[in-house]
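Student: upload.cif is the file, holding mmCIF, C-alpha atoms:
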```cif
data_input
#
loop_
_atom_site.label_atom_id
_atom_site.label_comp_id
_atom_site.auth_asym_id
_atom_site.auth_seq_id
_atom_site.Cartn_x
_atom_site.Cartn_y
_atom_site.Cartn_z
CA MET A 463 62.53 -141.21 -32.85
CA ARG A 464 58.78 -141.84 -33.16
CA ARG A 465 59.39 -144.42 -35.90
CA ARG A 466 61.95 -146.21 -33.70
CA ILE A 467 59.51 -146.31 -30.79
CA CYS A 468 56.86 -147.85 -33.05
CA GLN A 469 59.32 -150.50 -34.27
CA LEU A 470 60.22 -151.40 -30.69
CA ALA A 471 56.55 -151.61 -29.74
CA ILE A 472 55.81 -153.99 -32.63
CA ALA A 473 58.80 -156.16 -31.69
CA LEU A 474 57.67 -156.25 -28.07
CA LEU A 475 54.16 -157.31 -29.08
CA ALA A 476 55.51 -160.18 -31.18
CA PHE A 477 57.85 -161.25 -28.40
CA THR A 478 55.04 -161.05 -25.83
CA PHE A 479 52.84 -163.24 -28.04
CA LEU A 480 55.48 -165.97 -27.98
CA SER A 481 55.88 -165.56 -24.23
CA VAL A 482 52.21 -166.06 -23.40
CA GLN A 483 51.12 -168.37 -26.23
CA ALA A 484 53.77 -171.09 -26.13
CA LEU A 485 51.23 -173.71 -25.11
CA GLY A 486 48.46 -172.61 -27.45
CA ALA A 487 44.81 -171.84 -26.83
CA GLU A 488 44.11 -175.12 -25.02
CA LYS A 489 46.33 -174.22 -22.05
CA ALA A 490 43.58 -174.17 -19.44
CA GLY A 491 42.44 -177.67 -20.39
CA TRP A 492 45.60 -179.55 -19.44
CA VAL A 493 46.45 -178.14 -16.01
CA GLU A 494 44.08 -180.16 -13.82
CA PRO A 495 44.54 -183.44 -15.76
CA MET A 496 48.31 -183.09 -15.53
CA LYS A 497 48.08 -182.46 -11.78
CA THR A 498 46.33 -185.81 -11.53
CA VAL A 499 48.99 -187.50 -13.67
CA HIS A 500 51.83 -185.96 -11.69
CA ALA A 501 50.32 -186.76 -8.28
CA LYS A 502 51.73 -190.30 -8.43
CA PHE A 503 55.08 -189.37 -9.97
CA ASN A 504 58.06 -190.91 -8.18
CA GLY A 505 60.74 -190.68 -10.84
CA GLU A 506 63.71 -188.36 -11.47
CA ALA A 507 62.60 -184.88 -10.45
CA GLY A 508 63.37 -182.28 -13.10
CA TYR A 509 64.37 -184.78 -15.78
CA VAL A 510 63.03 -183.78 -19.20
CA ALA A 511 63.13 -186.53 -21.83
CA GLN A 512 63.61 -185.59 -25.47
CA LEU A 513 61.71 -187.83 -27.90
CA GLY A 514 62.09 -187.24 -31.61
CA ASP A 515 64.17 -187.23 -34.78
CA SER A 516 67.22 -185.22 -35.86
CA ILE A 517 65.49 -181.94 -34.96
CA THR A 518 65.56 -183.19 -31.38
CA TYR A 519 68.79 -185.23 -31.56
CA SER A 520 70.77 -182.10 -32.49
CA MET A 521 72.74 -180.52 -29.67
CA ALA A 522 71.27 -177.22 -30.89
CA PHE A 523 67.99 -178.26 -29.28
CA TRP A 524 67.41 -178.05 -25.52
CA THR A 525 71.11 -178.37 -24.61
CA PRO A 526 71.51 -174.53 -24.77
CA ILE A 527 68.86 -174.16 -22.04
CA GLY A 528 71.43 -175.63 -19.66
CA TRP A 529 74.18 -173.17 -20.63
CA ASP A 530 72.85 -170.08 -18.90
CA GLU A 531 69.67 -168.55 -17.52
CA PRO A 532 66.90 -168.17 -20.14
CA ASP A 533 64.64 -166.50 -17.56
CA GLN A 534 66.44 -163.22 -18.27
CA TYR A 535 64.31 -163.05 -21.46
CA VAL A 536 60.97 -163.73 -19.75
CA ILE A 537 58.45 -160.90 -19.83
CA ASP A 538 56.49 -160.67 -16.57
CA ASP A 539 52.95 -160.75 -17.90
CA ASP A 540 51.69 -164.26 -17.15
CA GLY A 541 51.66 -164.27 -13.36
CA LEU A 542 54.33 -166.98 -13.07
CA PRO A 543 57.79 -166.61 -11.48
CA LYS A 544 60.71 -166.29 -13.86
CA ARG A 545 62.70 -169.02 -12.13
CA PRO A 546 62.50 -171.52 -9.25
CA THR A 547 62.77 -169.84 -5.85
CA GLN A 548 65.72 -171.80 -4.51
CA SER A 549 67.78 -172.54 -7.65
CA ARG A 550 68.53 -171.80 -11.29
CA TRP A 551 66.82 -173.58 -14.18
CA ARG A 552 70.03 -175.36 -15.13
CA ASP A 553 70.17 -176.76 -11.60
CA THR A 554 66.46 -177.60 -11.44
CA LEU A 555 66.10 -179.34 -14.80
CA LYS A 556 68.06 -182.39 -15.97
CA GLY A 557 68.88 -184.22 -19.20
CA PHE A 558 69.94 -181.26 -21.35
CA ARG A 559 72.65 -183.24 -23.15
CA ASP A 560 70.92 -186.61 -23.36
CA LYS A 561 71.09 -187.39 -27.05
CA GLY A 562 70.90 -190.71 -28.87
CA PRO A 563 68.68 -193.79 -29.24
CA LYS A 564 68.88 -194.82 -25.59
CA TYR A 565 67.39 -191.42 -24.70
CA GLY A 566 64.62 -191.60 -27.29
CA ASN A 567 65.98 -189.46 -30.14
CA TYR A 568 67.99 -189.98 -33.32
CA SER A 569 68.36 -188.83 -36.92
CA GLY A 570 65.77 -190.12 -39.35
CA TRP A 571 63.47 -191.42 -36.66
CA ARG A 572 59.74 -191.80 -37.04
CA VAL A 573 56.98 -192.63 -34.59
CA GLY A 574 57.76 -196.35 -34.85
CA ASN A 575 61.39 -195.84 -33.82
CA VAL A 576 60.43 -194.05 -30.62
CA LEU A 577 57.86 -196.73 -29.83
CA LYS A 578 60.65 -199.32 -29.86
CA VAL A 579 62.62 -197.54 -27.15
CA ILE A 580 60.13 -195.56 -25.09
CA ASP A 581 59.50 -198.29 -22.53
CA ASP A 582 63.21 -198.43 -21.75
CA VAL A 583 63.50 -194.63 -21.62
CA LEU A 584 60.58 -194.35 -19.21
CA GLU A 585 61.88 -197.18 -17.04
CA GLN A 586 65.54 -196.18 -16.93
CA LYS A 587 65.38 -192.37 -16.98
CA ARG A 588 62.01 -192.00 -15.18
CA PRO A 589 61.38 -188.52 -16.65
CA GLU A 590 59.10 -185.97 -15.06
CA MET A 591 58.33 -184.41 -18.44
CA ALA A 592 58.91 -185.43 -22.06
CA ILE A 593 59.19 -183.07 -25.04
CA ILE A 594 57.88 -184.93 -28.08
CA MET A 595 58.28 -183.91 -31.73
CA LEU A 596 57.69 -186.54 -34.41
CA GLY A 597 56.39 -186.37 -37.95
CA THR A 598 58.95 -184.69 -40.18
CA ASN A 599 60.31 -188.04 -41.37
CA ASP A 600 56.94 -189.78 -41.22
CA ILE A 601 55.61 -187.43 -43.93
CA SER A 602 58.67 -187.66 -46.19
CA GLY A 603 56.57 -189.44 -48.82
CA GLY A 604 54.21 -186.48 -49.05
CA LYS A 605 51.38 -187.78 -46.88
CA VAL A 606 50.68 -188.85 -43.32
CA PRO A 607 50.91 -192.66 -42.89
CA GLU A 608 47.88 -194.40 -41.37
CA ARG A 609 49.98 -195.66 -38.46
CA TYR A 610 51.14 -192.15 -37.51
CA ARG A 611 48.28 -191.08 -35.23
CA PRO A 612 47.88 -194.44 -33.42
CA GLY A 613 51.64 -194.52 -32.82
CA LEU A 614 51.73 -190.95 -31.52
CA GLU A 615 48.81 -191.69 -29.21
CA GLN A 616 50.61 -194.75 -27.89
CA ILE A 617 53.67 -192.67 -27.03
CA VAL A 618 51.53 -190.13 -25.18
CA GLU A 619 49.62 -192.85 -23.35
CA LYS A 620 52.83 -194.58 -22.26
CA CYS A 621 54.13 -191.30 -20.84
CA LEU A 622 50.89 -190.69 -18.96
CA ALA A 623 50.89 -194.23 -17.56
CA ALA A 624 54.41 -193.58 -16.22
CA HIS A 625 53.16 -190.31 -14.61
CA CYS A 626 55.38 -188.35 -17.00
CA ILE A 627 53.89 -185.17 -18.46
CA PRO A 628 54.16 -185.21 -22.28
CA ILE A 629 54.65 -181.89 -24.07
CA LEU A 630 53.73 -182.34 -27.73
CA ASN A 631 55.35 -180.15 -30.38
CA THR A 632 53.93 -179.47 -33.82
CA ILE A 633 56.51 -180.06 -36.55
CA PRO A 634 58.06 -177.11 -38.43
CA PRO A 635 57.29 -176.13 -42.01
CA ARG A 636 59.09 -178.19 -44.65
CA ARG A 637 59.84 -177.17 -48.22
CA GLY A 638 57.74 -179.10 -50.72
CA ARG A 639 55.76 -180.91 -48.02
CA GLN A 640 53.56 -178.20 -46.54
CA GLU A 641 50.26 -179.99 -47.14
CA ALA A 642 51.52 -183.10 -45.34
CA VAL A 643 53.07 -180.97 -42.56
CA GLN A 644 49.75 -179.27 -41.93
CA ALA A 645 47.93 -182.61 -41.90
CA ALA A 646 50.40 -184.03 -39.38
CA ASN A 647 50.08 -180.94 -37.21
CA GLU A 648 46.29 -181.23 -37.18
CA ILE A 649 46.77 -184.73 -35.79
CA ILE A 650 49.27 -183.52 -33.19
CA ARG A 651 46.88 -180.79 -32.04
CA ALA A 652 43.98 -183.25 -31.92
CA VAL A 653 45.97 -185.77 -29.88
CA ALA A 654 47.02 -183.04 -27.42
CA LYS A 655 43.41 -181.93 -27.05
CA GLN A 656 42.07 -185.47 -26.75
CA HIS A 657 44.54 -186.46 -24.03
CA LYS A 658 44.53 -183.01 -22.38
CA VAL A 659 48.31 -182.62 -22.51
CA PRO A 660 50.42 -179.49 -23.14
CA LEU A 661 51.00 -178.48 -26.75
CA VAL A 662 53.80 -176.29 -28.08
CA ASP A 663 52.71 -175.03 -31.49
CA TYR A 664 56.16 -174.59 -32.98
CA TYR A 665 54.75 -174.52 -36.51
CA THR A 666 52.52 -171.54 -35.73
CA ALA A 667 55.39 -169.74 -33.99
CA CYS A 668 57.53 -170.17 -37.13
CA LEU A 669 54.86 -168.74 -39.42
CA ARG A 670 53.98 -165.91 -37.08
CA LEU A 671 57.57 -164.65 -37.13
CA GLN A 672 58.16 -165.48 -40.82
CA PRO A 673 54.79 -165.48 -42.63
CA GLY A 674 54.06 -167.08 -45.99
CA ASN A 675 57.24 -168.78 -47.23
CA ALA A 676 59.58 -166.38 -45.45
CA TRP A 677 60.50 -169.16 -43.00
CA ASP A 678 62.42 -170.92 -45.80
CA GLY A 679 66.06 -169.89 -45.44
CA THR A 680 65.48 -168.03 -42.16
CA ILE A 681 63.90 -170.08 -39.38
CA ILE A 682 64.32 -173.18 -41.53
CA SER A 683 67.81 -173.78 -42.90
CA ALA A 684 68.93 -174.05 -46.53
CA ASP A 685 67.98 -177.75 -46.66
CA GLY A 686 64.32 -176.81 -46.27
CA VAL A 687 63.82 -179.30 -43.42
CA HIS A 688 65.81 -178.54 -40.29
CA PRO A 689 65.64 -175.43 -38.10
CA SER A 690 68.49 -173.00 -38.68
CA GLY A 691 71.34 -172.65 -36.22
CA GLY A 692 73.33 -169.72 -34.91
CA LYS A 693 72.80 -168.09 -31.53
CA THR A 694 70.67 -170.91 -30.15
CA ASN A 695 70.56 -169.48 -26.61
CA VAL A 696 69.63 -165.89 -27.49
CA TYR A 697 65.88 -165.33 -27.24
CA THR A 698 65.42 -161.79 -28.50
CA ASP A 699 62.69 -161.20 -31.07
CA GLU A 700 65.31 -160.33 -33.69
CA ASN A 701 67.23 -163.60 -33.18
CA LEU A 702 64.11 -165.75 -32.99
CA LYS A 703 63.24 -164.65 -36.53
CA THR A 704 66.45 -166.08 -37.96
CA CYS A 705 67.48 -168.93 -35.66
CA GLY A 706 65.02 -171.81 -35.77
CA TYR A 707 66.66 -173.71 -32.95
CA ALA A 708 66.59 -170.66 -30.70
CA LEU A 709 62.86 -170.41 -31.40
CA ARG A 710 62.24 -174.06 -30.58
CA ASN A 711 64.34 -173.81 -27.40
CA TRP A 712 62.45 -170.70 -26.32
CA VAL A 713 58.88 -171.94 -26.82
CA ASN A 714 59.73 -175.25 -25.14
CA PHE A 715 61.41 -173.50 -22.23
CA LEU A 716 58.25 -171.44 -21.75
CA ALA A 717 56.21 -174.65 -21.84
CA VAL A 718 58.42 -176.45 -19.32
CA ARG A 719 58.41 -173.37 -17.11
CA GLU A 720 54.61 -173.27 -17.18
CA VAL A 721 54.25 -176.98 -16.47
CA TYR A 722 56.73 -176.61 -13.64
CA PHE A 723 54.91 -173.77 -11.89
CA ARG A 724 51.33 -174.84 -12.65
CA VAL A 725 51.82 -178.53 -11.86
CA VAL A 726 55.21 -179.72 -10.61
CA ALA A 727 56.08 -177.07 -8.03
CA LEU A 728 52.63 -177.32 -6.44
CA SER A 729 53.28 -180.91 -5.40
CA ASP A 730 56.91 -180.53 -4.29
#
```
Please lay out the structure from this file as structure tokens.
Tutor:
Amino acid sequence: MRRRICQLAIALLAFTFLSVQALGAEKAGWVEPMKTVHAKFNGEAGYVAQLGDSITYSMAFWTPIGWDEPDQYVIDDDGLPKRPTQSRWRDTLKGFRDKGPKYGNYSGWRVGNVLKVIDDVLEQKRPEMAIIMLGTNDISGGKVPERYRPGLEQIVEKCLAAHCIPILNTIPPRRGRQEAVQAANEIIRAVAKQHKVPLVDYYTACLRLQPGNAWDGTIISADGVHPSGGKTNVYTDENLKTCGYALRNWVNFLAVREVYFRVVALSD
């Protein structure tokens, strides 16, 4: 019995870490700047754009958040409500199933691909927030291209100019490309800090649950590149260790929830 209690305590601590650290250590730095950005927002309330490559284009990402109520997995330790007062998350947020080039995501895409469509996405969809993950394809050659950081900064700046709150995601570990992945993630973290925007450190979440190379074949699928599938809307600690898409959905839900209550709901 004592051993079982200890195991549950360890699991709870790991789960709590993901609950309170979804936006990383720079959380306090983005709140006031994003309030300023959002103050002039007049777009589609609750619409969350999805900008990225196949890891975003997949229906396994973000779409499951609209299936049910993820707030049932939230641990009350951050001082924020679990859900909006008057409605459910799936009624408050929009764009769960918006996949394809006209929405800013597609297989094989790099920073340059999103730059070609982002103006149209921002004009036509008028998102309140945008989840951004780019880099996995950019570093396919084993290094970060020179145009990667300027392009990523441009995407962030275009979102900010449209009064859309960008939520940057670090890219997940990739078999045989870890040095380049880490270099890209340093850039992503630096851009988030420089522009004072929310950051979801998906990479760190992957390695915290599956240290060393244990992520390969668990959180990352057999191809060594894409998050693994399965129960993509179950956010227990046990499932987050083996379903990479559940983990990405969870940490981004926590980020959107925090942006909503710390910024969006205050101006509604």
Student: Could you check how far atom CA of Thr525 of chain A sits from atom CA of Trp712 of chain A, in Å to one decimal?
Tutor: 11.7 Å
Student: Evaluating the PyMOL selection byres ((chain A and resi 526) around 9) on the displayed file yields which residues, as number ranges by chain?
Tutor: A: 521-525, 527-530, 558-559, 694-695, 708, 711
Student: Please work out which residues fall within 12 Å of (57.2, -195.1, -28.2), coordinates as given in the file, with only C-alpha atoms counting, and return them as a short mmCIF file (atom, residue, chain, number, x, y, z; two decimals) with C-alpha atoms, keeping the file's coordinate frame.
Tutor:
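Final file, point_9.cif:
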```
data_model
loop_
_atom_site.label_atom_id
_atom_site.label_comp_id
_atom_site.auth_asym_id
_atom_site.auth_seq_id
_atom_site.Cartn_x
_atom_site.Cartn_y
_atom_site.Cartn_z
CA GLN A 512 63.61 -185.59 -25.47
CA LEU A 513 61.71 -187.83 -27.90
CA GLY A 514 62.09 -187.24 -31.61
CA PRO A 563 68.68 -193.79 -29.24
CA LYS A 564 68.88 -194.82 -25.59
CA TYR A 565 67.39 -191.42 -24.70
CA GLY A 566 64.62 -191.60 -27.29
CA ASN A 567 65.98 -189.46 -30.14
CA TRP A 571 63.47 -191.42 -36.66
CA ARG A 572 59.74 -191.80 -37.04
CA VAL A 573 56.98 -192.63 -34.59
CA GLY A 574 57.76 -196.35 -34.85
CA ASN A 575 61.39 -195.84 -33.82
CA VAL A 576 60.43 -194.05 -30.62
CA LEU A 577 57.86 -196.73 -29.83
CA LYS A 578 60.65 -199.32 -29.86
CA VAL A 579 62.62 -197.54 -27.15
CA ILE A 580 60.13 -195.56 -25.09
CA ASP A 581 59.50 -198.29 -22.53
CA ASP A 582 63.21 -198.43 -21.75
CA VAL A 583 63.50 -194.63 -21.62
CA LEU A 584 60.58 -194.35 -19.21
CA ALA A 592 58.91 -185.43 -22.06
CA ILE A 594 57.88 -184.93 -28.08
CA MET A 595 58.28 -183.91 -31.73
CA LEU A 596 57.69 -186.54 -34.41
CA TYR A 610 51.14 -192.15 -37.51
CA PRO A 612 47.88 -194.44 -33.42
CA GLY A 613 51.64 -194.52 -32.82
CA LEU A 614 51.73 -190.95 -31.52
CA GLU A 615 48.81 -191.69 -29.21
CA GLN A 616 50.61 -194.75 -27.89
CA ILE A 617 53.67 -192.67 -27.03
CA VAL A 618 51.53 -190.13 -25.18
CA GLU A 619 49.62 -192.85 -23.35
CA LYS A 620 52.83 -194.58 -22.26
CA CYS A 621 54.13 -191.30 -20.84
CA PRO A 628 54.16 -185.21 -22.28
#
```
Student: When distances are computed from only C-alpha atoms, which of A:Asn647, A:Gln640, A:Asn701, A:Thr666 shows the smallest separation from Gly603 of chain A?
Tutor: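 Result for the nearest residue to Gly603 of chain A: A:Gln640.
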Student: Which one is closest to Ile633 of chain A: A:Lys605, A:His688, A:Arg588, A:Lys658? Count all atoms listed in the file.
Tutor: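 The answer is A:His688, which sits nearest to Ile633 of chain A.
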Student: If you measure from atom CA of Met591 of chain A to atom CA of Thr498 of chain A, what distance in Å do you get, rounded to one decimal?
Tutor: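 Result for atom CA of Met591 of chain A versus atom CA of Thr498 of chain A: 13.9 Å, one decimal.
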Student: Go ahead and find all residues with at least one atom no further than 10 Å from (60.7, -181.1, -22.1) in the file's coordinates, using all atoms listed in the file; report them as a ChimeraX atom specification.
Tutor: /A:508-513,524,555-558,589-594,627-631,711,714-719,721
Student: I'd like to see the residues matched by the PyMOL selection byres ((chain A and resi 709) around 9) on this file, and ideally I'd get them as an NGL selection string.
Tutor: :A and (664 or 667-668 or 681 or 689 or 694 or 697 or 701-708 or 710-714)
Student: Selected residues, C-alpha atoms, written as an mmCIF file, keeping the file's coordinate frame, please.
Tutor:
```
data_model
loop_
_atom_site.group_PDB
_atom_site.id
_atom_site.type_symbol
_atom_site.label_atom_id
_atom_site.label_comp_id
_atom_site.auth_asym_id
_atom_site.auth_seq_id
_atom_site.Cartn_x
_atom_site.Cartn_y
_atom_site.Cartn_z
ATOM 1 C CA TYR A 664 56.160 -174.590 -32.980
ATOM 2 C CA ALA A 667 55.390 -169.740 -33.990
ATOM 3 C CA CYS A 668 57.530 -170.170 -37.130
ATOM 4 C CA ILE A 681 63.900 -170.080 -39.380
ATOM 5 C CA PRO A 689 65.640 -175.430 -38.100
ATOM 6 C CA THR A 694 70.670 -170.910 -30.150
ATOM 7 C CA TYR A 697 65.880 -165.330 -27.240
ATOM 8 C CA ASN A 701 67.230 -163.600 -33.180
ATOM 9 C CA LEU A 702 64.110 -165.750 -32.990
ATOM 10 C CA LYS A 703 63.240 -164.650 -36.530
ATOM 11 C CA THR A 704 66.450 -166.080 -37.960
ATOM 12 C CA CYS A 705 67.480 -168.930 -35.660
ATOM 13 C CA GLY A 706 65.020 -171.810 -35.770
ATOM 14 C CA TYR A 707 66.660 -173.710 -32.950
ATOM 15 C CA ALA A 708 66.590 -170.660 -30.700
ATOM 16 C CA ARG A 710 62.240 -174.060 -30.580
ATOM 17 C CA ASN A 711 64.340 -173.810 -27.400
ATOM 18 C CA TRP A 712 62.450 -170.700 -26.320
ATOM 19 C CA VAL A 713 58.880 -171.940 -26.820
ATOM 20 C CA ASN A 714 59.730 -175.250 -25.140
#
```
Student: May I ask for the distance between atom CA of Ala623 of chain A and atom CA of His500 of chain A, given in Å to one decimal place?
Tutor: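 Spanning atom CA of Ala623 of chain A to atom CA of His500 of chain A is a straight-line distance of 10.2 Å.
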Student: Rank A:Ala727, A:Leu622, A:Val493, A:Val687 by their smallest atom-to-atom distance to Gly638 of chain A, using all atoms listed in the file, and report the top residue only.
Tutor: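 When distances to Gly638 of chain A are compared using all atoms listed in the file, the smallest one comes from A:Val687.
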Student: Show which residues sit within 9 Å of Ala501 of chain A, as a VMD selection string. Count all atoms listed in the file, and ignore same-chain residues fewer than 3 positions away.
Tutor: chain A and resid 496 to 498 504 625 726 729
